[in-house]
Amino acid sequence: MTCSHFGQCGGCALLDLPYEEQVARKRAKLQQTLSEFWTGDIPVTVTDDPKNFRNKVELGFCHQVKWRPDYDKKDPANKTRPLEFENALGFKLKGRWDRAVDITECVLFNDKLIPLLNAIRAWAKAENLDYYDQRKHTGVLRHLMVREGKNTGEEIVVLFVTDDFNEKTFVQAVQSVLPQANIMAAVNTGLADTAAPESLRVLKGKDHIFEKIFLTDASGKTEREVVFQLSPQSFFQTNTLTAQKMYSRVRRVVKALAPKRIYDLYGGAGSFSLSCADLCEKSICVESVAPAIYNGIENANLNGVSNVQFFCSKVEDFVKQHPIERKDALIILDPPRGGMHPKAAKAVAESGVERVLYISCNPVTLAADLKILTPHYDILQVEAFDFFPHSEHIETFVQMKLK
């Protein structure tokens, strides 16, 4: 698998390696990182097709200085030569926050991405709209978000701008490639280079899409289907098809343990709670990001789930105010890249709950948390899921049992 932008584009880091070598490299690095706690084998569930696997991309519009291939900083003439500028729409240049790669191909998203970008480039040129300059903080066009439901086929396109633009012609440009897409506009005038809107409005269709995950038993037979309503800002794993393998795996473990109560800590929008709601009497989902809680409540209602209770709270505050009840309980941990707050990790370590399942997106912080947890818990199994082909990232699932 190749891409002409590899080495410059920040979207991929390992694309020059065959996929099997990428997985082997990440497995070895994970085993080294966790060697203090686990010396056994770490099986990796791979992405079946490591091309076009992402369900969401966020791209930047950049008005930037054109880098001349013949530039010589020792040449005195370059001190007086006028700067040339160019427009780029794509992922950020590797290691740079102020420059984008004007992508003409991509292996990460679906095959409609490049035709869509070409249509938007042509539209922006026809409308004489300025791309955003990261250093001067000028320009109208700032970010483009594209999201699709891998299991539903639904699509949403969001244009992030700093000012007004011709909405009708933008909709026409998008529809020329994605005729069924929902289309939105978002205003972002802040200085931070993030696709965080101050306001959102629908230009066509609705303000969300639906996605499904199919949860399977060990034989591969679907035993539960969960529907998610996703707004532009909703958190959802970017690799739907591999994520549903992980949710299915966690569900099978939960089913075997048969807890009455699940503590879903750092639960986000309740993906694990909703996946396992039929396997317990009650699931308590704790998440500090309010929009994720709102999404979780909406999705619980959408799936007819009434036994998941959502708490908008930092986990370290929740465990202080609501001590964990150990009897017939199971703890599921899915913290962000920064790992657990030490007070939360200490509370889980000392909870006395028989089994703990830890899902981690960062092996380094996982190892730091295991230092707190393993004096009280034995590790039964470690496995990994490769959600992010062509990158250094990998998801880890650790099963623990009280000593």
# chains A, B, ... in the order shown; residues from 1 in each chain; ligands from 1
$ select_by_dssp --residues "stretch 176-211 of chain A" --states "strand (DSSP E)" --output "PDB file with C-alpha atoms, in the first residue's frame"
ATOM      1  CA  ASN A 182     -26.352  15.715   5.605  1.00  0.00           C
ATOM      2  CA  ILE A 183     -24.588  19.071   5.401  1.00  0.00           C
ATOM      3  CA  MET A 184     -23.838  21.558   8.169  1.00  0.00           C
ATOM      4  CA  ALA A 185     -21.919  24.766   8.778  1.00  0.00           C
ATOM      5  CA  ALA A 186     -20.005  25.578  11.953  1.00  0.00           C
ATOM      6  CA  VAL A 187     -18.552  28.885  13.094  1.00  0.00           C
ATOM      7  CA  SER A 199     -22.367  27.416  16.654  1.00  0.00           C
ATOM      8  CA  LEU A 200     -23.727  24.787  14.275  1.00  0.00           C
ATOM      9  CA  ARG A 201     -26.506  25.026  11.716  1.00  0.00           C
ATOM     10  CA  VAL A 202     -28.031  22.566   9.277  1.00  0.00           C
ATOM     11  CA  LEU A 203     -27.758  23.442   5.601  1.00  0.00           C
ATOM     12  CA  LYS A 204     -29.346  20.239   4.328  1.00  0.00           C
ATOM     13  CA  ILE A 209     -26.256  10.400  11.446  1.00  0.00           C
ATOM     14  CA  PHE A 210     -26.976   6.939  12.775  1.00  0.00           C
ATOM     15  CA  GLU A 211     -24.416   4.167  13.153  1.00  0.00           C
TER      16      GLU A 211
END
$ residues_around --residues "A:Ile114" --least-positions-apart "5" --cutoff "12 Å" --atoms "only C-alpha atoms" --output "VMD selection string"
chain A and resid 59 89 to 90 102 to 109 119 to 121 146 174 177 to 178
$ residues_around --residues "stretch 287-292 of chain A" --least-positions-apart "6" --cutoff "10 Å" --atoms "only C-alpha atoms" --output "list of chain:residue names"
A:Ser231, A:Gln233, A:Ser234, A:Phe235, A:Phe236, A:Asp264, A:Leu265, A:Tyr266, A:Gly267, A:Gly268, A:Ala269, A:Gly270, A:Glu298, A:Phe310, A:Phe311, A:Cys312, A:Ser313, A:Lys314, A:Val315, A:Asp317, A:Phe318, A:Pro335
$ select_by_dssp --residues "stretch 175-368 of chain A" --states "alpha helix (DSSP H)" --output "PyMOL selection string"
chain A and resi 175+240-257+271-276+290-302+315-321+342-349+363-368
$ residues_around --residues "A:Lys212" --least-positions-apart "2" --cutoff "9 Å" --atoms "only C-alpha atoms" --output "compact mmCIF listing (two decimals) with C-alpha atoms, in the first residue's frame"
# COMPACT_ATOMS: atom_id res chain seq x y z
CA GLY A 149 -21.72 5.31 9.26
CA LYS A 150 -19.82 2.22 8.14
CA ASN A 151 -22.78 -0.03 8.92
CA THR A 152 -25.53 2.38 7.84
CA PHE A 210 -26.98 6.94 12.77
CA PHE A 214 -23.25 -5.62 15.73
CA GLU A 225 -27.39 -4.67 17.83
CA VAL A 226 -26.83 -1.19 19.23
CA VAL A 227 -27.76 2.00 17.38
CA PHE A 228 -25.87 5.25 17.97
CA GLN A 229 -26.97 8.75 17.05
CA THR A 240 -16.21 0.98 13.46
$ closest_residue --among "A:Asn301, A:Ser306, A:Thr216, A:Thr242" --to "A:Glu281" --atoms "only C-alpha atoms"
A:Ser306
$ closest_atom_pairs --of "stretch 15-75 of chain A" --to "stretch 347-369 of chain A" --cutoff "10 Å" --atoms "only C-alpha atoms" --output "tab-separated table"
residue	atom	partner	partner_atom	distance
A:Lys29	CA	A:Pro363	CA	9.1
A:Leu30	CA	A:Pro363	CA	6.5
A:Gln31	CA	A:Pro363	CA	9.4
A:Gln32	CA	A:Pro363	CA	9.9
A:Thr33	CA	A:Pro363	CA	6.7
A:Leu34	CA	A:Ala367	CA	6.0
A:Ser35	CA	A:Ala367	CA	9.2
A:Glu36	CA	A:Ala367	CA	8.4
A:Phe37	CA	A:Ala367	CA	8.0
$ atom_distance --atom1 "atom CA of A:Gly338" --atom2 "atom CA of A:Lys51"
28.3 Å
$ residues_around --residues "A:Gln237" --least-positions-apart "4" --cutoff "10 Å" --atoms "only C-alpha atoms" --output "list in words"
Arg54, Asn55, Lys56, Leu241, Thr242, Ala243, Gln244, Ser271 and Phe387 of chain A
$ closest_residue --among "A:Leu274, A:Cys285, A:Ala181, A:Leu141" --to "A:Asn299" --atoms "only C-alpha atoms"
A:Leu274
$ atom_distance --atom1 "atom CA of A:Glu167" --atom2 "atom CA of A:Glu155"
18.1 Å
$ residues_around --residues "A:Cys280" --least-positions-apart "6" --cutoff "9 Å" --atoms "only C-alpha atoms" --output "count of residues only"
8
